[in-house]
$ cat final27.csv   # CSV, C-alpha atoms (C1' of nucleotides)
chain,number,residue,atom,x,y,z
A,635,MET,CA,78.4,82.2,122.6
A,636,LYS,CA,78.2,79.2,124.8
A,637,ARG,CA,78.0,80.3,128.4
A,638,ARG,CA,80.1,78.5,130.9
A,639,PRO,CA,80.8,78.9,134.6
A,640,SER,CA,83.4,81.5,135.3
A,641,VAL,CA,86.9,80.1,135.8
A,642,ALA,CA,88.3,83.3,137.3
A,643,SER,CA,91.8,82.7,138.6
A,644,ALA,CA,94.4,84.6,140.5
A,645,ALA,CA,96.3,85.1,137.2
A,646,ASN,CA,94.7,88.5,136.5
A,647,ALA,CA,96.4,90.3,139.3
A,648,LYS,CA,98.5,92.3,136.8
A,649,LYS,CA,95.4,94.0,135.6
A,650,ARG,CA,95.4,96.1,138.7
A,651,THR,CA,98.8,97.6,137.8
A,652,LYS,CA,98.5,101.2,137.1
A,653,ARG,CA,99.9,102.2,133.8
A,654,GLY,CA,102.9,104.5,133.5
A,655,LYS,CA,103.3,106.6,130.4
A,656,ASN,CA,105.1,103.8,128.5
A,657,ALA,CA,102.8,101.0,129.5
A,658,ALA,CA,100.4,99.1,127.2
A,659,PRO,CA,97.5,101.1,125.7
A,660,PRO,CA,94.0,100.2,126.7
A,661,LYS,CA,92.7,96.9,125.4
A,662,ARG,CA,90.5,98.2,122.7
A,663,ALA,CA,93.4,100.0,120.9
A,664,GLN,CA,95.8,97.0,120.8
A,665,LYS,CA,96.9,95.8,117.4
A,666,LEU,CA,98.4,92.4,117.0
A,667,ALA,CA,101.5,91.2,115.2
A,668,LEU,CA,100.9,90.5,111.5
A,669,GLY,CA,103.2,87.6,111.2
A,670,GLN,CA,103.7,86.5,107.6
A,671,LEU,CA,100.9,88.7,106.5
A,672,ASP,CA,103.5,91.5,106.6
A,673,HIS,CA,105.1,90.0,103.5
A,674,HIS,CA,102.1,89.7,101.3
A,675,LEU,CA,101.4,92.4,98.9
A,676,GLY,CA,97.8,91.3,98.5
A,677,TYR,CA,97.1,92.1,102.1
A,678,PHE,CA,98.1,95.7,101.9
A,679,LEU,CA,96.7,96.1,98.4
A,680,ARG,CA,93.3,94.9,99.6
A,681,ARG,CA,93.3,97.2,102.7
A,682,LEU,CA,93.9,100.3,100.6
A,683,GLN,CA,91.5,99.1,98.0
A,684,ILE,CA,88.8,98.8,100.6
A,685,TRP,CA,89.5,102.2,102.0
A,686,VAL,CA,89.4,103.7,98.5
A,687,PHE,CA,86.1,102.1,97.6
A,688,GLN,CA,84.4,103.0,100.9
A,689,ASN,CA,85.5,106.6,100.5
A,690,PHE,CA,84.3,106.6,96.9
A,691,ILE,CA,80.9,105.2,97.9
A,692,GLN,CA,80.5,107.7,100.8
A,693,THR,CA,81.7,110.7,98.7
A,694,LEU,CA,79.2,109.8,95.9
A,695,ALA,CA,76.4,108.8,98.2
A,696,ALA,CA,74.3,111.7,97.1
A,697,MET,CA,74.2,110.4,93.6
A,698,HIS,CA,73.8,106.8,94.6
A,699,VAL,CA,76.5,105.7,92.2
A,700,ARG,CA,78.7,102.7,92.9
A,701,PRO,CA,82.2,102.2,91.6
A,702,ALA,CA,81.2,99.7,88.9
A,703,GLN,CA,78.4,102.0,87.7
A,704,TYR,CA,80.7,104.9,87.5
A,705,SER,CA,83.2,103.0,85.5
A,706,VAL,CA,80.6,101.9,83.0
A,707,LEU,CA,79.3,105.4,82.6
A,708,LEU,CA,82.8,106.7,81.9
A,709,ILE,CA,83.5,104.0,79.4
A,710,ILE,CA,80.2,104.6,77.5
A,711,GLN,CA,81.0,108.3,77.5
A,712,ALA,CA,84.5,107.7,76.1
A,713,ASN,CA,83.3,105.1,73.6
A,714,PRO,CA,79.7,105.9,72.6
A,715,GLY,CA,77.8,103.3,70.5
A,716,ARG,CA,79.7,100.2,71.6
A,717,SER,CA,78.2,97.0,72.7
A,718,GLN,CA,77.8,95.5,76.1
A,719,ALA,CA,80.3,92.8,75.2
A,720,ALA,CA,83.0,95.3,74.4
A,721,ILE,CA,82.4,97.2,77.6
A,722,GLY,CA,82.4,94.0,79.6
A,723,ARG,CA,85.7,93.0,78.1
A,724,THR,CA,87.3,96.3,78.8
A,725,LEU,CA,86.2,96.4,82.5
A,726,SER,CA,86.3,92.7,83.1
A,727,ILE,CA,82.6,92.7,84.1
A,728,GLU,CA,80.8,89.5,83.3
A,729,ARG,CA,78.0,89.6,80.8
A,730,ALA,CA,75.2,88.7,83.2
A,731,ARG,CA,76.3,91.3,85.7
A,732,LEU,CA,76.7,94.0,83.1
A,733,ALA,CA,73.2,93.3,81.7
A,734,ARG,CA,71.7,93.9,85.1
A,735,LEU,CA,73.8,96.9,85.8
A,736,LEU,CA,72.7,98.5,82.5
A,737,HIS,CA,69.1,97.7,83.3
A,738,GLU,CA,69.4,99.9,86.3
A,739,LEU,CA,71.2,102.7,84.4
A,740,GLU,CA,68.5,102.6,81.8
A,741,ARG,CA,65.8,102.6,84.4
A,742,ARG,CA,67.3,105.9,85.7
A,743,LYS,CA,67.3,107.3,82.1
A,744,TRP,CA,71.1,107.8,82.1
A,745,VAL,CA,71.8,105.3,79.3
A,746,THR,CA,70.0,104.2,76.1
A,747,ARG,CA,70.4,100.9,74.2
A,748,ARG,CA,69.6,101.2,70.5
A,749,ALA,CA,69.7,98.4,68.0
A,750,SER,CA,73.1,98.1,66.5
A,751,GLY,CA,73.1,98.6,62.7
A,752,SER,CA,75.8,96.0,62.1
A,753,ASP,CA,74.9,93.2,64.5
A,754,ALA,CA,71.3,92.5,65.5
A,755,ARG,CA,72.4,90.7,68.6
A,756,SER,CA,74.1,93.6,70.2
A,757,HIS,CA,73.0,96.9,71.7
A,758,SER,CA,74.6,100.2,70.9
A,759,LEU,CA,75.1,102.1,74.2
A,760,HIS,CA,74.9,105.9,74.6
A,761,LEU,CA,74.5,108.3,77.4
A,762,THR,CA,71.3,110.3,77.4
A,763,ALA,CA,71.3,114.1,78.0
A,764,ASP,CA,70.3,113.3,81.6
A,765,GLY,CA,73.1,110.9,81.8
A,766,GLU,CA,75.6,113.5,80.6
A,767,LYS,CA,74.3,115.9,83.2
A,768,ALA,CA,74.4,113.4,86.0
A,769,LEU,CA,77.9,112.2,85.0
A,770,ALA,CA,79.2,115.8,85.2
A,771,LYS,CA,78.0,116.0,88.8
A,772,ILE,CA,79.4,112.6,89.5
A,773,LYS,CA,82.8,113.5,88.1
A,774,ASN,CA,82.9,116.5,90.4
A,775,LEU,CA,82.3,114.3,93.4
A,776,ALA,CA,84.8,111.8,92.1
A,777,GLU,CA,87.4,114.5,92.0
A,778,ARG,CA,86.6,115.3,95.6
A,779,HIS,CA,87.1,111.6,96.4
A,780,GLU,CA,90.4,111.6,94.6
A,781,ALA,CA,91.6,114.6,96.5
A,782,ARG,CA,90.7,112.9,99.8
A,783,LEU,CA,92.6,109.8,98.7
A,784,ALA,CA,95.6,111.9,97.9
A,785,SER,CA,95.5,113.5,101.4
A,786,HIS,CA,95.1,110.1,102.9
A,787,VAL,CA,98.0,108.3,101.3
A,788,GLY,CA,100.0,111.5,100.5
A,789,PRO,CA,100.0,113.1,97.1
A,790,LYS,CA,103.4,111.8,96.3
A,791,ARG,CA,102.7,108.3,97.2
A,792,ARG,CA,99.5,108.5,95.2
A,793,ALA,CA,101.4,109.5,92.1
A,794,GLN,CA,103.9,106.8,92.6
A,795,LEU,CA,101.2,104.2,93.0
A,796,MET,CA,99.5,105.4,89.9
A,797,ASN,CA,102.7,105.1,87.9
A,798,LEU,CA,103.4,101.6,89.2
A,799,LEU,CA,99.9,100.3,88.7
A,800,ARG,CA,98.9,102.0,85.4
A,801,ASP,CA,101.7,100.9,83.1
A,802,PHE,CA,101.9,97.3,83.6
A,803,GLY,CA,98.5,96.1,82.1
B,803,MET,CA,67.3,90.4,74.8
B,804,LYS,CA,64.4,91.8,72.8
B,805,ARG,CA,64.5,90.3,69.4
B,806,ARG,CA,63.7,92.6,66.5
B,807,PRO,CA,63.7,92.4,62.7
B,808,SER,CA,67.1,92.7,61.2
B,809,VAL,CA,68.0,96.2,60.0
B,810,ALA,CA,70.9,95.1,57.8
B,811,SER,CA,72.2,98.0,55.8
B,812,ALA,CA,74.9,98.5,53.2
B,813,ALA,CA,77.0,100.1,55.8
B,814,ASN,CA,78.9,97.0,56.7
B,815,ALA,CA,80.7,96.7,53.4
B,816,LYS,CA,84.0,97.6,55.2
B,817,LYS,CA,83.8,94.3,57.0
B,818,ARG,CA,85.0,92.6,53.9
B,819,THR,CA,88.2,94.5,53.8
B,820,LYS,CA,91.1,92.2,54.4
B,821,ARG,CA,93.3,93.4,57.2
B,822,GLY,CA,96.8,94.5,56.6
B,823,LYS,CA,99.3,94.0,59.4
B,824,ASN,CA,98.5,97.4,61.0
B,825,ALA,CA,94.7,97.1,60.7
B,826,ALA,CA,92.4,96.7,63.6
B,827,PRO,CA,92.5,93.4,65.5
B,828,PRO,CA,89.5,91.1,65.4
B,829,LYS,CA,86.4,92.3,67.3
B,830,ARG,CA,86.8,90.2,70.3
B,831,ALA,CA,90.3,91.6,71.1
B,832,GLN,CA,89.3,95.2,71.1
B,833,LYS,CA,89.9,97.2,74.2
B,834,LEU,CA,88.1,100.6,74.5
B,835,ALA,CA,89.4,103.9,75.8
B,836,LEU,CA,89.3,104.3,79.5
B,837,GLY,CA,88.4,108.0,79.6
B,838,GLN,CA,88.6,109.5,83.1
B,839,LEU,CA,89.1,106.1,84.6
B,840,ASP,CA,92.7,106.4,83.6
B,841,HIS,CA,93.1,109.0,86.4
B,842,HIS,CA,91.6,107.0,89.2
B,843,LEU,CA,94.0,105.1,91.4
B,844,GLY,CA,91.1,103.0,92.7
B,845,TYR,CA,90.5,101.5,89.3
B,846,PHE,CA,94.0,100.1,88.9
B,847,LEU,CA,94.3,99.2,92.5
B,848,ARG,CA,91.2,97.1,92.2
B,849,ARG,CA,92.3,95.4,89.0
B,850,LEU,CA,95.5,94.3,90.6
B,851,GLN,CA,93.8,93.3,93.8
B,852,ILE,CA,91.4,91.1,91.9
B,853,TRP,CA,94.2,89.5,90.0
B,854,VAL,CA,96.1,88.8,93.3
B,855,PHE,CA,93.1,87.3,95.1
B,856,GLN,CA,92.2,85.1,92.2
B,857,ASN,CA,95.7,83.8,91.8
B,858,PHE,CA,95.8,83.2,95.6
B,859,ILE,CA,92.6,81.3,95.5
B,860,GLN,CA,93.7,79.2,92.6
B,861,THR,CA,97.1,78.5,94.0
B,862,LEU,CA,95.7,77.4,97.3
B,863,ALA,CA,92.7,75.6,95.9
B,864,ALA,CA,94.1,72.2,97.0
B,865,MET,CA,93.9,73.4,100.7
B,866,HIS,CA,90.5,75.1,100.2
B,867,VAL,CA,91.7,78.2,102.0
B,868,ARG,CA,90.5,81.6,101.2
B,869,PRO,CA,92.4,84.8,101.8
B,870,ALA,CA,90.4,85.8,104.9
B,871,GLN,CA,90.9,82.4,106.4
B,872,TYR,CA,94.6,82.5,105.7
B,873,SER,CA,95.0,85.9,107.3
B,874,VAL,CA,93.2,84.7,110.4
B,875,LEU,CA,95.3,81.6,110.7
B,876,LEU,CA,98.5,83.7,110.4
B,877,ILE,CA,97.3,86.2,113.1
B,878,ILE,CA,96.4,83.4,115.5
B,879,GLN,CA,99.8,81.8,114.9
B,880,ALA,CA,101.6,85.1,115.5
B,881,ASN,CA,99.4,86.0,118.5
B,882,PRO,CA,98.2,82.8,120.2
B,883,GLY,CA,95.6,83.1,122.9
B,884,ARG,CA,94.0,86.3,121.8
B,885,SER,CA,90.3,87.0,121.5
B,886,GLN,CA,88.1,87.2,118.5
B,887,ALA,CA,87.7,90.9,119.1
B,888,ALA,CA,91.4,91.5,119.0
B,889,ILE,CA,91.8,89.6,115.8
B,890,GLY,CA,88.8,91.3,114.2
B,891,ARG,CA,90.2,94.7,115.1
B,892,THR,CA,93.6,93.9,113.6
B,893,LEU,CA,92.2,92.6,110.3
B,894,SER,CA,89.1,94.8,110.1
B,895,ILE,CA,86.9,91.7,110.0
B,896,GLU,CA,83.5,92.4,111.5
B,897,ARG,CA,82.5,90.4,114.6
B,898,ALA,CA,79.7,88.4,113.0
B,899,ARG,CA,81.7,87.4,110.0
B,900,LEU,CA,84.7,86.4,112.1
B,901,ALA,CA,82.5,84.3,114.4
B,902,ARG,CA,81.3,82.3,111.4
B,903,LEU,CA,84.7,82.1,109.8
B,904,LEU,CA,86.1,80.6,113.1
B,905,HIS,CA,83.3,78.1,113.3
B,906,GLU,CA,84.5,76.8,110.0
B,907,LEU,CA,88.2,76.7,111.1
B,908,GLU,CA,87.1,74.9,114.3
B,909,ARG,CA,85.0,72.4,112.4
B,910,ARG,CA,88.2,71.6,110.4
B,911,LYS,CA,90.1,71.1,113.7
B,912,TRP,CA,92.6,73.8,112.8
B,913,VAL,CA,91.7,76.2,115.6
B,914,THR,CA,90.5,75.8,119.2
B,915,ARG,CA,88.6,78.2,121.4
B,916,ARG,CA,89.3,77.9,125.0
B,917,ALA,CA,87.7,79.9,127.8
B,918,SER,CA,89.8,83.0,128.5
B,919,GLY,CA,91.1,83.1,132.0
B,920,SER,CA,90.7,86.8,132.4
B,921,ASP,CA,87.5,87.5,130.6
B,922,ALA,CA,84.6,85.1,130.6
B,923,ARG,CA,83.1,86.7,127.6
B,924,SER,CA,85.9,86.0,125.2
B,925,HIS,CA,87.6,83.0,123.7
B,926,SER,CA,91.3,82.3,123.7
B,927,LEU,CA,92.3,81.2,120.2
B,928,HIS,CA,95.0,78.8,119.4
B,929,LEU,CA,96.1,76.7,116.4
B,930,THR,CA,95.8,72.9,116.9
B,931,ALA,CA,98.6,70.6,116.0
B,932,ASP,CA,96.6,69.9,112.8
B,933,GLY,CA,96.3,73.6,112.3
B,934,GLU,CA,100.0,74.1,112.5
B,935,LYS,CA,100.7,71.3,110.0
B,936,ALA,CA,98.1,72.6,107.6
B,937,LEU,CA,99.4,76.1,107.9
B,938,ALA,CA,102.9,75.0,107.0
B,939,LYS,CA,101.5,73.5,103.8
B,940,ILE,CA,99.5,76.6,103.2
B,941,LYS,CA,102.4,78.9,103.6
B,942,ASN,CA,104.3,76.9,101.0
B,943,LEU,CA,101.5,77.4,98.5
B,944,ALA,CA,101.3,81.1,99.6
B,945,GLU,CA,105.0,81.5,98.7
B,946,ARG,CA,104.3,80.0,95.3
B,947,HIS,CA,101.5,82.5,94.9
B,948,GLU,CA,103.8,85.4,95.9
B,949,ALA,CA,106.4,84.2,93.4
B,950,ARG,CA,103.8,84.2,90.6
B,951,LEU,CA,102.7,87.6,91.7
B,952,ALA,CA,106.3,88.8,91.5
B,953,SER,CA,106.7,87.5,88.0
B,954,HIS,CA,103.4,89.0,86.9
B,955,VAL,CA,104.0,92.5,88.0
B,956,GLY,CA,107.8,92.3,88.0
B,957,PRO,CA,109.9,91.7,91.2
B,958,LYS,CA,111.0,95.3,91.3
B,959,ARG,CA,107.6,96.7,91.0
B,960,ARG,CA,106.3,94.3,93.6
B,961,ALA,CA,109.0,95.5,96.0
B,962,GLN,CA,108.2,99.1,95.3
B,963,LEU,CA,104.5,98.5,95.8
B,964,MET,CA,105.2,96.8,99.1
B,965,ASN,CA,107.2,99.7,100.4
B,966,LEU,CA,104.6,102.2,99.3
B,967,LEU,CA,101.6,100.3,100.8
B,968,ARG,CA,103.1,98.9,104.0
B,969,ASP,CA,104.4,102.0,105.7
B,970,PHE,CA,101.5,104.3,105.6
B,971,GLY,CA,98.7,102.4,107.5
C,980,DA,C1',75.6,99.2,142.7
C,981,DC,C1',74.3,100.2,138.3
C,982,DA,C1',74.4,102.2,133.6
C,983,DG,C1',76.8,101.6,129.6
C,984,DA,C1',80.2,99.2,126.9
C,985,DA,C1',82.3,95.0,125.2
C,986,DT,C1',82.0,90.1,123.5
C,987,DG,C1',80.3,86.5,120.8
C,988,DT,C1',76.2,84.6,118.5
C,989,DT,C1',72.5,84.4,115.2
C,990,DG,C1',69.4,86.3,111.7
C,991,DT,C1',68.7,89.1,107.8
C,992,DC,C1',69.7,91.9,103.7
C,993,DA,C1',72.3,93.8,99.6
C,994,DT,C1',76.2,93.5,96.6
C,995,DT,C1',79.3,91.0,94.0
C,996,DG,C1',81.4,87.2,91.1
C,997,DA,C1',80.6,82.9,88.9
C,998,DC,C1',78.3,79.6,86.3
C,999,DA,C1',74.5,77.3,83.6
C,1000,DA,C1',70.8,77.4,80.3
C,1001,DC,C1',68.5,79.7,76.8
C,1002,DA,C1',67.0,82.2,72.2
C,1003,DA,C1',68.5,84.8,68.5
C,1004,DA,C1',72.1,86.1,65.5
C,1005,DT,C1',76.6,85.8,63.4
C,1006,DT,C1',80.8,83.5,61.8
C,1007,DG,C1',83.6,79.9,60.0
C,1008,DC,C1',84.4,76.2,57.2
C,1009,DG,C1',83.8,72.5,54.1
D,1486,DC,C1',75.5,77.3,49.9
D,1487,DG,C1',74.4,74.8,54.6
D,1488,DC,C1',75.3,73.6,59.1
D,1489,DA,C1',78.1,73.6,63.4
D,1490,DA,C1',80.3,76.5,66.5
D,1491,DT,C1',80.5,80.9,68.5
D,1492,DT,C1',78.8,85.3,70.1
D,1493,DT,C1',75.4,88.4,72.4
D,1494,DG,C1',72.3,89.4,75.8
D,1495,DT,C1',69.0,87.6,79.2
D,1496,DT,C1',67.5,85.2,83.3
D,1497,DG,C1',68.1,82.0,87.2
D,1498,DT,C1',70.8,80.3,90.9
D,1499,DC,C1',74.6,79.8,94.2
D,1500,DA,C1',78.4,81.1,97.3
D,1501,DA,C1',81.2,84.7,99.5
D,1502,DT,C1',81.3,89.0,101.6
D,1503,DG,C1',80.1,93.2,104.2
D,1504,DA,C1',76.7,95.6,107.0
D,1505,DC,C1',73.5,95.9,110.5
D,1506,DA,C1',70.3,94.6,114.3
D,1507,DA,C1',69.0,92.1,118.3
D,1508,DC,C1',70.3,89.3,122.0
D,1509,DA,C1',72.4,87.1,126.4
D,1510,DT,C1',76.3,87.4,129.1
D,1511,DT,C1',80.1,89.7,131.2
D,1512,DC,C1',83.0,93.6,132.2
D,1513,DT,C1',84.1,98.6,133.2
D,1514,DG,C1',83.8,103.0,135.0
D,1515,DT,C1',82.1,106.0,138.2

$ encode --input "final27.csv" --output "C-alpha cells"
Amino acid sequence: MKRRPSVASAANAKKRTKRGKNAAPPKRAQKLALGQLDHHLGYFLRRLQIWVFQNFIQTLAAMHVRPAQYSVLLIIQANPGRSQAAIGRTLSIERARLARLLHELERRKWVTRRASGSDARSHSLHLTADGEKALAKIKNLAERHEARLASHVGPKRRAQLMNLLRDFG
Amino acid sequence: MKRRPSVASAANAKKRTKRGKNAAPPKRAQKLALGQLDHHLGYFLRRLQIWVFQNFIQTLAAMHVRPAQYSVLLIIQANPGRSQAAIGRTLSIERARLARLLHELERRKWVTRRASGSDARSHSLHLTADGEKALAKIKNLAERHEARLASHVGPKRRAQLMNLLRDFG
DNA sequence: ACAGAATGTTGTCATTGACAACAAATTGCG
DNA sequence: CGCAATTTGTTGTCAATGACAACATTCTGT
C-alpha cells in the first residue's frame, strides 16, 4: 500500500457515538449490498459449490483425495475396463489432465492400466484390491460429507436441489 | 503412452456387426454409469456452475470481464466508498487476490482508490465515469448470459434454483 | 501507552483448465 | 488396398485461482 500523510478530518466524530441495541454492528461484521449480483444464479451457485468442495476436501483430508480423484475412482469402479477417453468424456475432464491424475492414482497403487485388447492406443482401467479398499473408506467419509452438507443447507433443500440439478443433463 | 506390440485377437469380430436402430451409439458418444456420483449434490452443482461460468465468460468476452471482476464492479457500484476489506468480506475474496484484481481494474480506469477519510490504512473505492459506462455495457451482456442460462436449464427451474440458493446463506 | 488486530501489498506455491505438439494406432473413404 | 483424417495418451506450457506468509503502516482496546 502506498503510504501517504494522514488526512484526518473532523468527519469521523460519529464514530464516538455509543451504539444502542439497534445500531450498526462492528465494522468487521458488516456485509454490503449485493446490487445486481442478487439476480445472478451463477453467484449463488458458485458460493454453494465452493462450500461443498471445501467441506469435501476437509472431510476427506485423511485420505488425501480431491473431488476429481474421487469422481474418477467412482467411475472406474462403476465401469471397469474402460479407457481414459471414455472416462474423460463422462466427467468432462480433459485428456491431459486425466492422464496426470491417473498417473497419481497409479503411483498410489489404487488403479491399474492394462493394454486394451481391442485398441492398442487405449488403456483399460481397473481398481486394484488396494483401490477397492481405499475407496470403501473414502465412500464412508464422503457419506459423512454429504450428511454435513444436508445439515448445512437443510435436508429438504438438499433433496430439492438434487432433483432440480440431476434431471436436466 | 508406452507403445507395445499389438495384441489383436479374434475377440473384436462383433465390431463388424451393423447397428440396428436400437443398438449402441458410436464409441465417441458413449456415456458411462455414474455410480455413487449420482447421489452427490456437489457433482451436479459443479457441472452446472462450470457451464454457467463458461457461458458468462464467452458472453462477456468482448468486454474481457471475468466473473470475479464483474462481481467486484457490482459491489462497488452498490456500495461506493467502501474499503477493500469490506468488499473482500462480502464476496469472500481473499485480500491478496482482491488487491491484484483491483490493480487491474484501476489500470483500466474503471475504478479509483482514494484515501479514506476515516482510516488511513484503507482505500475508498469508487467507479469512474468510464467504469460506469463500461459496467452498463457489461450488464447488458450479463443479461444476455442470464437469458441463455434460463433457456438452458428452463426458466422455471432457474427460478426454483434461485429461490433455493438465495435464501439460505 | 502499548500489545494485538486490521489493512493493503508483494512473493510464493499448488491446483485447475486450456491449448499445442507429438507418436502410435485406428478409422474412413475412394 | 492405401492414404488422409481422427483418436488416444503423453508431455510442455500458460493463465486464472486460492491459499498462505511476511511486511509496513495504522487503528483499537484496555

$ interface_residues --input "final27.csv" --of "chain D" --to "chain B" --cutoff "10 Å" --atoms "all atoms listed in the file" --output "ChimeraX atom specification"
/D:1492-1496,1501-1504,1510-1512

$ interface_residues --input "final27.csv" --of "chain C" --to "chain B" --cutoff "8 Å" --atoms "all atoms listed in the file" --output "PyMOL selection string"
chain C and resi 986-988+1003

$ atom_distance --input "final27.csv" --atom1 "atom CA of A:Arg800" --atom2 "atom CA of B:Asp969"
21.0 Å

$ interface_residues --input "final27.csv" --of "chain A" --to "chain B" --cutoff "7 Å" --atoms "all atoms listed in the file" --output "PyMOL selection string"
chain A and resi 640-643+646+665-671+675-676+678-680+683+686+705+708-709+712-713+724+751-752+754+787+791+796+798-800+802

$ atom_distance --input "final27.csv" --atom1 "atom CA of B:Leu943" --atom2 "atom CA of B:Thr861"
6.4 Å

$ residues_around --input "final27.csv" --residues "C:DG990" --least-positions-apart "6" --cutoff "12 Å" --atoms "all atoms listed in the file" --output "list in words"
Ala898 of chain B; DC1505, DA1506, DA1507 and DC1508 of chain D

$ atom_distance --input "final27.csv" --atom1 "atom CA of B:Leu929" --atom2 "atom C1' of C:DT989"
24.9 Å

$ residues_around --input "final27.csv" --residues "A:Gly715" --least-positions-apart "5" --cutoff "6 Å" --atoms "only C-alpha atoms (C1' of nucleotides)" --output "PyMOL selection string"
chain A and resi 758-760

$ closest_residue --input "final27.csv" --among "D:DC1486, D:DG1497, D:DA1509, D:DT1515" --to "C:DA999" --atoms "only C-alpha atoms (C1' of nucleotides)"
D:DG1497

$ residues_around --input "final27.csv" --residues "B:Arg910" --least-positions-apart "2" --cutoff "12 Å" --atoms "only C-alpha atoms (C1' of nucleotides)" --output "ChimeraX atom specification"
/B:865-867,871,903-908,912-914,929-933,936
